Amino acid sequence: MEAISLAAAGMAGGTAAAPQPRLVRAAHEFEAQMMKELLKPMMASGAPGDEEDESGAGSGGALAEFATEALGRAMSEQGGLGISKQIVRDLSRSGNRNVTGKVT
């Protein structure tokens, strides 16, 4: 996965801890799922040779699903739309603040 630097995560200066690997992984997975949903219409059935079988599913349905998921994941890891970076930046910032207010 793409390493998100301290500066990219909004924590420049080296005083804050690096973003948690679980957070980075989850942010990339979230962005990959969004990218997959955006790519689905482009991979929709109706392509030449994509005949429906008796169950109603296209013959390339599983392969197209896998390809869309892999493409979405790869795009997210290479920067994608920047959603994963923004998630890490926002959640890292909010998780590292000293909050003194009461919880109601």
# chains A, B, ... in the order shown; residues from 1 in each chain; ligands from 1

$ residues_around --residues "range 25-35 of chain A" --least-positions-apart "5" --cutoff "10 Å" --atoms "only C-alpha atoms" --output "list in words"
Met1, Glu2, Ala3, Gln20, Lys40, Thr68, Glu69, Ala70, Leu71, Gly72, Arg73, Ala74, Met75, Ser76, Glu77, Gln78, Gly79, Gly80, Leu81, Gly82, Ile83, Ser84, Lys85, Gln86, Ile87, Val88 and Leu91 of chain A
